[in-house]
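With TSV, C-alpha atoms inside, this is protein_26.tsv:
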```tsv
chain	number	residue	atom	x	y	z
A	1	MET	CA	35.05	7.59	6.81
A	2	LYS	CA	35.19	5.82	10.13
A	3	LEU	CA	31.90	4.96	11.84
A	4	THR	CA	31.32	5.51	15.51
A	5	GLU	CA	30.23	2.60	17.70
A	6	LYS	CA	26.72	4.11	17.90
A	7	GLU	CA	26.46	4.38	14.10
A	8	LEU	CA	27.74	0.85	13.62
A	9	ASN	CA	25.23	-0.52	16.17
A	10	PHE	CA	22.41	1.33	14.42
A	11	LEU	CA	23.36	-0.14	11.06
A	12	GLU	CA	23.69	-3.65	12.50
A	13	GLU	CA	20.21	-3.37	14.01
A	14	GLN	CA	18.82	-2.82	10.49
A	15	ILE	CA	20.14	-6.14	9.16
A	16	PRO	CA	17.22	-8.40	10.25
A	17	ALA	CA	14.58	-6.12	8.70
A	18	MET	CA	16.59	-5.73	5.50
A	19	THR	CA	17.08	-9.50	5.27
A	20	GLU	CA	13.36	-10.13	5.71
A	21	GLN	CA	12.50	-7.57	3.05
A	22	ALA	CA	15.04	-8.98	0.59
A	23	THR	CA	13.67	-12.50	1.15
A	24	GLN	CA	10.10	-11.35	0.50
A	25	ILE	CA	11.17	-9.52	-2.66
A	26	ALA	CA	12.98	-12.63	-3.93
A	27	TYR	CA	9.94	-14.82	-3.11
A	28	TYR	CA	7.43	-12.65	-4.98
A	29	THR	CA	9.80	-11.89	-7.86
A	30	THR	CA	10.37	-15.60	-8.40
A	31	LEU	CA	6.63	-16.28	-8.46
A	32	ALA	CA	5.99	-13.28	-10.72
A	33	ASN	CA	8.55	-14.66	-13.20
A	34	GLY	CA	6.60	-17.90	-13.46
A	35	HIS	CA	8.75	-20.08	-11.23
A	36	SER	CA	7.85	-22.01	-8.11
A	37	VAL	CA	9.42	-21.63	-4.68
A	38	VAL	CA	9.89	-24.14	-1.88
A	39	ILE	CA	9.07	-23.14	1.69
A	40	ALA	CA	8.83	-24.87	5.07
A	41	GLU	CA	5.23	-24.86	6.24
A	42	GLY	CA	3.42	-26.94	8.82
A	43	GLY	CA	6.24	-29.45	9.21
A	44	HIS	CA	6.57	-30.03	5.46
A	45	LEU	CA	8.56	-28.72	2.53
A	46	VAL	CA	5.91	-27.19	0.30
A	47	GLU	CA	6.31	-26.10	-3.31
A	48	VAL	CA	4.31	-22.94	-4.05
A	49	PHE	CA	3.37	-22.28	-7.68
A	50	PRO	CA	2.73	-18.92	-9.35
A	51	ASP	CA	-1.03	-19.62	-9.48
A	52	GLY	CA	-1.08	-20.03	-5.69
A	53	THR	CA	-1.42	-23.79	-5.58
A	54	LYS	CA	0.76	-25.76	-3.20
A	55	LYS	CA	2.20	-29.26	-3.34
A	56	ILE	CA	3.74	-31.03	-0.36
A	57	ARG	CA	7.18	-32.28	-1.36
A	58	LYS	CA	8.58	-33.77	1.85
A	59	LYS	CA	7.77	-34.19	5.52
A	60	LEU	CA	10.36	-32.51	7.70
A	61	PRO	CA	11.89	-34.38	10.63
A	62	ALA	CA	10.12	-33.81	13.95
A	63	LYS	CA	13.43	-32.94	15.57
A	64	PRO	CA	15.14	-29.93	14.00
A	65	VAL	CA	18.30	-30.84	12.13
A	66	ARG	CA	21.27	-28.80	13.19
A	67	ALA	CA	23.35	-27.34	10.41
A	68	THR	CA	26.98	-28.35	10.50
A	69	ARG	CA	29.91	-26.37	9.30
A	70	LYS	CA	32.47	-27.99	7.06
A	71	LYS	CA	35.98	-26.71	6.69
A	72	TYR	CA	37.75	-26.72	3.38
A	73	ILE	CA	41.47	-26.28	3.00
A	74	ILE	CA	42.65	-24.88	-0.29
```
Turn the structure described in the file into structure tokens.
Amino acid sequence: MKLTEKELNFLEEQIPAMTEQATQIAYYTTLANGHSVVIAEGGHLVEVFPDGTKKIRKKLPAKPVRATRKKYII
């Protein structure tokens, strides 16, 4: 089955919402299973525990760090 350009564009537009939903599901599932999660909040890396408490783990740099791409040759 070949998709038309319109159908493909429609599906691609759904990706951000689906990504956000999947991230939220993973976040709450992790907490529900008794594990902590680490998030960026207020310029810090914060560990969130299943009971709702938070612990600051690290201050983030004031200037955003740009991700770099490494190439691997196999």
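With only C-alpha atoms as the basis for measurement, A:Ile56 is the residue among A:Ala26, A:Ile15, A:Met1, A:Ile56 that approaches A:Ala40 most closely.
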Would you work out the distance separating atom CA of A:Tyr28 from atom CA of A:Glu41, expressed in Å to one decimal?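 According to the coordinates, atom CA of A:Tyr28 and atom CA of A:Glu41 are separated by 16.7 Å.
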Distance in Å - atom CA of A:Pro61 versus atom CA of A:Val38: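 Value for the atom CA of A:Pro61-atom CA of A:Val38 distance: 16.3 Å.
When atom CA of A:Thr53 is paired with atom CA of A:Val37, their separation reads 11.1 Å.
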Would you pick out the contacts of stretch 29-35 of chain A at 10 Å or less, using only C-alpha atoms, so that residues sharing its chain but fewer than 4 positions from it are not included, and give the list as a PyMOL selection string? chain A and resi 23-25+48-52
Residue neighbourhood A:Ala62, 10 Å, only C-alpha atoms, exclusion window fewer than 2 positions, as a list of chain:residue names: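 Counting only C-alpha atoms, the residues come to A:Gly43, A:His44, A:Lys59, A:Leu60, A:Pro64, A:Val65.
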Edge lengths and centre in Å to one decimal, as AutoDock Vina command-line options, of the axis-aligned box that encloses all listed atoms of stretch 1-10 of chain A with 4 Å added on every side?
```
--center_x 28.8 --center_y 3.5 --center_z 12.4 --size_x 20.8 --size_y 16.1 --size_z 19.1
```
